[in-house]
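*Asks:* I'd like to ask you about the structure that follows.
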Amino acid sequence: MGRYILRRLFLVVPTIVGVTILVFLMIRLMPGDLVQQISGEGAILTEEERHEVREELGLNRPVFQQYFVWMGKVLRGDLGTSFQTKVPVTTELKNRLPVTMELGLLALLISLCVALPIGVVAAIRQDTMLDYVARSGAIAFLSIPSFWMGTLVMVLPSKWWGWAPPLTYKDFWVDPRDNLYMLILPAAIMGMLLSGTVMRMTRAQMLEVLRQDYVRTAWSKGLRERTVVMRHAIKNAFIPVVTIVGLQIPILVGGTVILESIFGIPGIGRYLLFSIGSLDYPVVQAEILIIALAVVVTNLAVDMTYAYLDPRIRYG
Amino acid sequence: MASVDQASIARELEFRPTRRPLGRVLAGLWWFARRKPLGAFGGITVVVMIVVAVSAQWIAPYWYDDQSWGEAMQGPSLKHWFGTDDLGRDMLSRVIYGARVSVVIGFSAVAISVVLATFIGIVSGYYGGWFDTLFQRLVDIWMSFPALVLLIVIVSTFSRGGDFWHRMMAIIIVMGIIMAAGSSRVIRGAAIAVKHNQYVEAARCIGASDVRILAQHVFPNVFAVVIILATVQLGAAILAESSISFLGWGVPPPFPSWGQMLSNKGILFMRAHPWIALWPGLAIALAVYGFNMLGDGLRDVLDPRLRGAGARR
């Protein structure tokens, strides 16, 4: 197990370095006049003034030098300062990251509560009416675009009942009730999207496990269905489902980008979209780094759990 | 005597005359529809969507950009079945033309993704070694990115002109490459499983070259996985295209795409006229639902582990 962890940890470093290089180059290739954006749309700048602004932002150096300067700062815990707001990126992230994490965790929780039972039942009763209803329901969840659902939730209740979702964000520690009141709807929409994937995975795994010899043995011993499913099948079927949680993180991020914009939630998703639009290099770099780290660390944690639960992985 | 015996054995063993190809295909489809009605429903939805996209100019009652200011923001009526938008354009016609963007981008992106993923997955899984290690690390990097953000950044980088075709090509290529990363890993897994089979070993023993083994033994055996992936990806591609269109990075107006129809006017005018956002959203949901259902049905039929109804005992 120790060697497995070391090997996996060793692979994290090149992945993260690769992500940072990629985002560093990509954001610099994006079209748009950064200097003009920073100085304001109407500002008329001479060539010297442009040069000065670029010098101040450190953009006159060769790209690889900029990268190493940035990387050096990151390693010391300094993620830079936003070009647009002049606020340190760490301060912004400290405020916004908990909001997005809360939204993501809520969504994940909702999705698991919905998907796991449905997936198990659909597999046990494969090709029955129940299976059809459960599957088509979950796949419908997967197919409904979250931005459409978000828009409908913003619009229809206000037309029909004169009620609209709250748009002022309250911190969880200040006002937990209002905080949850605001986040529960976007979290439910995102949870719906995620539950489709989890349900399909659970169903597929359950079907596979239910065909295994030891389940047949359990049946032939005359055990009750409940015992066969709960004691013998579920435990083994849920192991691969754990991996899906790791794969959900990028989907969660995509979901937060859209839903935070619609519901006016001050998380990192909305901030990222805004920063890409305004070419705020330090913010985009820092956010992608954080997201990539979250993905890699979650995958690592998931794989470790997986290796712990299933010894075949460790020695494979 | 012996010859008579041989003749009767031959008669016994004789297969029924094979049906014509069309008959075989139809019989296969009928079999699929009876076994997997939901999958068949998905298949029909997909076919309808393709037909609508291909024949848009004949079935749409109006041109997608025909503006009629006097008729702006009308509800559904006999003249305009889906109502009109803020510029008085017929919503039904715009939804019908919008299917084109989804179909073209969806199918082209998935084609790129499938070809890339199959090649990388099979070669990477079969050969292993440094090629495999290198590619898997690249896939790791690729998959650590939130796909939507990656799509937005690269598409806006490579469609500087902002004209329709540039933007469309950029979306197709970038989406294809992004989707290929994830699927190549699945296909690699399938290829690794196949390469340990005895028939691959046997082929190697009789001196078959690597290319022959890959083409004749590995590829046909991972093909089911490829088909399932492609079907599910089509739904995902349509959803991704509509998402970036919604955020304003998709194909530029006036050509309609479902996501863009929701972003441009939908939200602004929806409070008063909800149908403006209702139809494009329904169209996306139905199309993605169709592909997902079809993929699910195909997986159940093609994946030998899920075949049969012996789940309970």
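Ordering of the structure tokens sets the chain letters (A, B, ...), residue numbers begin anew at 1 in every chain, and ligands are numbered from 1 in the order given.
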Tell me the residues of chain B close to chain A, meaning within 8 Å using only C-alpha atoms, as JSON, numbers by chain.

*Replies:* {"B": [38, 137, 138, 140, 141, 142, 143, 144, 145, 146, 147, 148, 149, 153, 154, 156, 157, 160, 235, 239, 243, 246, 247, 262, 267, 270, 271, 272, 274, 277, 281, 284, 285, 286, 288, 289, 292, 293, 305, 306, 309, 310, 311, 312, 313]}

*Asks:* Keeping only N, CA and C atoms, take the residues you just selected and write them out as a CSV table (one decimal), in the first residue's frame.

*Replies:*
```csv
chain,number,residue,atom,x,y,z
B,38,LEU,N,-37.1,1.3,-24.7
B,38,LEU,CA,-36.6,2.6,-24.4
B,38,LEU,C,-35.5,3.0,-25.4
B,137,ARG,N,-0.3,10.1,-19.1
B,137,ARG,CA,0.0,11.4,-18.3
B,137,ARG,C,-0.7,12.6,-19.0
B,138,LEU,N,-0.6,12.6,-20.4
B,138,LEU,CA,-1.2,13.7,-21.1
B,138,LEU,C,-2.8,13.7,-20.9
B,140,ASP,N,-4.2,12.5,-18.3
B,140,ASP,CA,-4.4,13.0,-16.9
B,140,ASP,C,-4.5,14.5,-16.8
B,141,ILE,N,-3.5,15.2,-17.5
B,141,ILE,CA,-3.5,16.6,-17.6
B,141,ILE,C,-4.8,17.1,-18.2
B,142,TRP,N,-5.2,16.6,-19.3
B,142,TRP,CA,-6.3,17.0,-20.0
B,142,TRP,C,-7.6,16.9,-19.2
B,143,MET,N,-7.7,15.7,-18.4
B,143,MET,CA,-8.9,15.5,-17.6
B,143,MET,C,-8.9,16.2,-16.3
B,144,SER,N,-7.8,16.9,-15.9
B,144,SER,CA,-7.8,17.7,-14.7
B,144,SER,C,-8.4,19.0,-15.0
B,145,PHE,N,-8.6,19.4,-16.3
B,145,PHE,CA,-9.2,20.6,-16.6
B,145,PHE,C,-10.7,20.5,-16.6
B,146,PRO,N,-11.4,21.5,-16.1
B,146,PRO,CA,-12.9,21.5,-16.3
B,146,PRO,C,-13.1,21.7,-17.8
B,147,ALA,N,-13.8,20.7,-18.5
B,147,ALA,CA,-14.0,20.7,-19.9
B,147,ALA,C,-14.6,21.9,-20.5
B,148,LEU,N,-15.6,22.5,-19.7
B,148,LEU,CA,-16.3,23.6,-20.2
B,148,LEU,C,-15.4,24.8,-20.3
B,149,VAL,N,-14.5,25.0,-19.3
B,149,VAL,CA,-13.6,26.1,-19.3
B,149,VAL,C,-12.6,25.9,-20.4
B,153,VAL,N,-12.0,28.6,-23.5
B,153,VAL,CA,-10.7,29.3,-23.7
B,153,VAL,C,-10.1,29.0,-25.1
B,154,ILE,N,-10.1,27.7,-25.5
B,154,ILE,CA,-9.5,27.3,-26.8
B,154,ILE,C,-10.4,27.8,-27.9
B,156,SER,N,-12.3,30.4,-28.1
B,156,SER,CA,-12.2,31.8,-28.4
B,156,SER,C,-10.8,32.1,-28.9
B,157,THR,N,-9.8,31.3,-28.6
B,157,THR,CA,-8.4,31.5,-29.1
B,157,THR,C,-8.4,31.2,-30.6
B,160,ARG,N,-10.7,33.6,-34.0
B,160,ARG,CA,-10.5,35.0,-33.8
B,160,ARG,C,-11.4,35.9,-34.7
B,235,GLY,N,-24.8,12.7,-27.1
B,235,GLY,CA,-25.6,13.5,-26.2
B,235,GLY,C,-24.8,14.5,-25.4
B,239,LEU,N,-25.0,18.7,-25.5
B,239,LEU,CA,-25.2,19.4,-24.3
B,239,LEU,C,-24.1,20.5,-24.1
B,243,SER,N,-24.3,24.5,-24.0
B,243,SER,CA,-23.8,25.2,-22.8
B,243,SER,C,-22.9,26.4,-23.2
B,246,PHE,N,-25.0,29.0,-24.8
B,246,PHE,CA,-25.7,29.8,-23.8
B,246,PHE,C,-24.8,30.8,-23.1
B,247,LEU,N,-23.6,30.5,-22.9
B,247,LEU,CA,-22.7,31.4,-22.2
B,247,LEU,C,-22.1,32.5,-23.2
B,262,LEU,N,-31.5,30.4,-26.1
B,262,LEU,CA,-31.8,30.6,-24.6
B,262,LEU,C,-31.1,31.8,-24.0
B,267,ILE,N,-33.7,34.8,-21.5
B,267,ILE,CA,-33.8,35.2,-20.1
B,267,ILE,C,-34.4,36.5,-19.9
B,270,MET,N,-38.1,36.1,-20.9
B,270,MET,CA,-38.9,34.9,-20.4
B,270,MET,C,-39.9,35.2,-19.4
B,271,ARG,N,-39.6,36.1,-18.5
B,271,ARG,CA,-40.5,36.4,-17.4
B,271,ARG,C,-41.9,36.6,-17.9
B,272,ALA,N,-41.9,37.4,-19.0
B,272,ALA,CA,-43.2,37.7,-19.6
B,272,ALA,C,-43.7,36.6,-20.6
B,274,PRO,N,-42.7,32.9,-21.4
B,274,PRO,CA,-41.8,31.8,-21.1
B,274,PRO,C,-41.6,30.8,-22.3
B,277,ALA,N,-38.1,30.5,-24.1
B,277,ALA,CA,-37.0,29.6,-23.6
B,277,ALA,C,-37.5,28.2,-23.5
B,281,GLY,N,-35.0,24.7,-25.0
B,281,GLY,CA,-34.6,23.9,-23.9
B,281,GLY,C,-35.1,22.5,-24.1
B,284,ILE,N,-33.2,20.6,-26.7
B,284,ILE,CA,-31.9,20.0,-26.3
B,284,ILE,C,-32.2,18.8,-25.4
B,285,ALA,N,-33.1,18.9,-24.4
B,285,ALA,CA,-33.3,17.8,-23.5
B,285,ALA,C,-33.8,16.6,-24.3
B,286,LEU,N,-34.6,16.8,-25.3
B,286,LEU,CA,-35.2,15.6,-26.0
B,286,LEU,C,-34.0,14.9,-26.8
B,288,VAL,N,-30.7,15.0,-26.3
B,288,VAL,CA,-29.8,14.4,-25.5
B,288,VAL,C,-30.4,13.1,-24.8
B,289,TYR,N,-31.6,13.2,-24.5
B,289,TYR,CA,-32.3,12.1,-23.9
B,289,TYR,C,-32.4,10.9,-24.9
B,292,ASN,N,-28.9,9.3,-25.1
B,292,ASN,CA,-28.6,8.6,-23.9
B,292,ASN,C,-29.3,7.3,-23.8
B,293,MET,N,-30.6,7.3,-24.2
B,293,MET,CA,-31.5,6.1,-24.2
B,293,MET,C,-30.9,5.1,-25.1
B,305,ARG,N,-21.7,-8.9,-20.6
B,305,ARG,CA,-21.9,-9.1,-19.1
B,305,ARG,C,-23.3,-8.7,-18.7
B,306,LEU,N,-23.9,-7.8,-19.5
B,306,LEU,CA,-25.2,-7.3,-19.1
B,306,LEU,C,-26.4,-8.0,-19.8
B,309,ALA,N,-31.6,-12.0,-18.8
B,309,ALA,CA,-32.4,-11.5,-17.7
B,309,ALA,C,-32.2,-12.3,-16.5
B,310,GLY,N,-31.0,-12.9,-16.3
B,310,GLY,CA,-30.8,-13.7,-15.1
B,310,GLY,C,-30.3,-13.0,-13.9
B,311,ALA,N,-30.8,-11.8,-13.7
B,311,ALA,CA,-30.2,-10.9,-12.7
B,311,ALA,C,-30.6,-11.5,-11.3
B,312,ARG,N,-31.8,-12.1,-11.2
B,312,ARG,CA,-32.3,-12.4,-9.8
B,312,ARG,C,-31.7,-13.7,-9.3
B,313,ARG,N,-31.6,-14.7,-10.2
B,313,ARG,CA,-31.0,-15.9,-9.7
B,313,ARG,C,-30.4,-16.7,-10.8
```

*Asks:* Can you check which residues of stretch 149-293 of chain B DSSP gives as helix (DSSP H, G or I) on the backbone and send them as a PyMOL selection string?

*Replies:* chain B and resi 149-158+164-195+198-205+210-246+258-270+275-293

*Asks:* Find the residues around B:Gly88 up to 9 Å (only C-alpha atoms counted), leave out those fewer than 2 positions away in its own chain, and share them as a ChimeraX atom specification.

*Replies:* /B:66-74,83-86,90-91

*Asks:* Go ahead and save the picked residues with C-alpha atoms, as a PDB file, in the first residue's frame.

*Replies:*
```pdb
ATOM      1  CA  ASP B  66     -37.468  36.286 -41.238  1.00  0.00           C
ATOM      2  CA  GLN B  67     -38.312  39.220 -38.993  1.00  0.00           C
ATOM      3  CA  SER B  68     -41.790  40.550 -38.602  1.00  0.00           C
ATOM      4  CA  TRP B  69     -41.863  43.370 -36.091  1.00  0.00           C
ATOM      5  CA  GLY B  70     -45.622  43.515 -35.982  1.00  0.00           C
ATOM      6  CA  GLU B  71     -45.745  39.937 -34.717  1.00  0.00           C
ATOM      7  CA  ALA B  72     -43.021  40.098 -32.049  1.00  0.00           C
ATOM      8  CA  MET B  73     -43.426  38.178 -28.774  1.00  0.00           C
ATOM      9  CA  GLN B  74     -46.608  36.375 -29.724  1.00  0.00           C
ATOM     10  CA  GLY B  83     -44.884  31.577 -30.993  1.00  0.00           C
ATOM     11  CA  THR B  84     -42.446  34.302 -32.037  1.00  0.00           C
ATOM     12  CA  ASP B  85     -39.372  35.866 -30.433  1.00  0.00           C
ATOM     13  CA  ASP B  86     -38.627  39.528 -29.705  1.00  0.00           C
ATOM     14  CA  ASP B  90     -40.971  32.175 -35.940  1.00  0.00           C
ATOM     15  CA  MET B  91     -39.740  30.048 -33.014  1.00  0.00           C
TER      16      MET B  91
END
```

*Asks:* Residues within 12 Å of B:Gly248, please, as a list in words. Count only C-alpha atoms; anything in the same chain fewer than 4 positions from it doesn't count.

*Replies:*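 What passes the distance filter is Ile258, Leu273 and Gly277 of chain A; Ile152, Val155, Ser156, Gly162, Arg167, Glu241, Ser242, Ser243, Ile244, Pro252, Pro253, Ser257, Trp258, Gly259, Gln260, Met261, Leu262, Ser263, Asn264 and Lys265 of chain B.
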
*Asks:* Determine, counting only C-alpha atoms, which protein, DNA and RNA residues have an atom within 7 Å of an atom of B:Gly176; residues of the same chain fewer than 6 positions away are not included. Present the result as a PDB file with C-alpha atoms, in the first residue's frame.

*Replies:*
```
ATOM      1  CA  ALA B 109     -16.955  16.239 -32.898  1.00  0.00           C
ATOM      2  CA  VAL B 110     -17.808  12.664 -31.966  1.00  0.00           C
ATOM      3  CA  ILE B 112     -13.034  13.118 -34.430  1.00  0.00           C
ATOM      4  CA  SER B 113     -13.176  11.916 -30.854  1.00  0.00           C
TER       5      SER B 113
END
```

*Asks:* Neighbouring residues of B:Ala60 were defined as those with any atom within 10 Å, considering only C-alpha atoms; residues of the same chain fewer than 2 positions away were excluded. Please report them as a list in words.

*Replies:*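 These residues fall inside the cut-off: Val52, Ser55, Ala56, Gln57, Trp58, Tyr62, Trp63, Tyr64, Asp90, Met91, Leu92, Ser93, Arg94, Val95, Ile96 and Tyr97 of chain B.
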
*Asks:* Please produce a file of the residues just selected, as a JSON list (two decimals), in the first residue's frame, where the atoms kept are N, CA and C atoms.

*Replies:*
```
[["chain", "number", "residue", "atom", "x", "y", "z"],
["B", 52, "VAL", "N", -34.97, 16.10, -39.36],
["B", 52, "VAL", "CA", -35.35, 17.52, -39.22],
["B", 52, "VAL", "C", -34.17, 18.42, -39.60],
["B", 55, "SER", "N", -33.55, 18.25, -43.48],
["B", 55, "SER", "CA", -34.58, 18.80, -44.36],
["B", 55, "SER", "C", -35.16, 20.11, -43.80],
["B", 56, "ALA", "N", -34.35, 20.83, -43.02],
["B", 56, "ALA", "CA", -34.86, 22.05, -42.36],
["B", 56, "ALA", "C", -35.50, 23.02, -43.35],
["B", 57, "GLN", "N", -34.84, 23.23, -44.52],
["B", 57, "GLN", "CA", -35.39, 24.27, -45.41],
["B", 57, "GLN", "C", -36.73, 23.88, -46.01],
["B", 58, "TRP", "N", -37.04, 22.57, -46.03],
["B", 58, "TRP", "CA", -38.34, 22.15, -46.59],
["B", 58, "TRP", "C", -39.44, 22.09, -45.54],
["B", 62, "TYR", "N", -40.94, 29.02, -42.00],
["B", 62, "TYR", "CA", -40.35, 30.32, -42.36],
["B", 62, "TYR", "C", -38.84, 30.18, -42.42],
["B", 63, "TRP", "N", -38.17, 31.18, -43.00],
["B", 63, "TRP", "CA", -36.71, 31.27, -42.97],
["B", 63, "TRP", "C", -36.31, 31.64, -41.54],
["B", 64, "TYR", "N", -35.14, 31.13, -41.06],
["B", 64, "TYR", "CA", -34.83, 31.31, -39.64],
["B", 64, "TYR", "C", -34.65, 32.77, -39.22],
["B", 90, "ASP", "N", -40.20, 33.37, -36.30],
["B", 90, "ASP", "CA", -40.97, 32.18, -35.94],
["B", 90, "ASP", "C", -40.11, 31.21, -35.13],
["B", 91, "MET", "N", -40.54, 30.89, -33.90],
["B", 91, "MET", "CA", -39.74, 30.05, -33.01],
["B", 91, "MET", "C", -39.60, 28.62, -33.55],
["B", 92, "LEU", "N", -40.67, 28.10, -34.14],
["B", 92, "LEU", "CA", -40.62, 26.73, -34.66],
["B", 92, "LEU", "C", -39.53, 26.60, -35.73],
["B", 93, "SER", "N", -39.49, 27.58, -36.65],
["B", 93, "SER", "CA", -38.49, 27.53, -37.70],
["B", 93, "SER", "C", -37.09, 27.63, -37.11],
["B", 94, "ARG", "N", -36.92, 28.46, -36.09],
["B", 94, "ARG", "CA", -35.60, 28.62, -35.49],
["B", 94, "ARG", "C", -35.17, 27.35, -34.74],
["B", 95, "VAL", "N", -36.14, 26.70, -34.10],
["B", 95, "VAL", "CA", -35.80, 25.43, -33.43],
["B", 95, "VAL", "C", -35.41, 24.38, -34.47],
["B", 96, "ILE", "N", -36.15, 24.35, -35.60],
["B", 96, "ILE", "CA", -35.85, 23.36, -36.65],
["B", 96, "ILE", "C", -34.45, 23.61, -37.23],
["B", 97, "TYR", "N", -34.15, 24.88, -37.56],
["B", 97, "TYR", "CA", -32.81, 25.19, -38.10],
["B", 97, "TYR", "C", -31.73, 24.96, -37.03]]
```
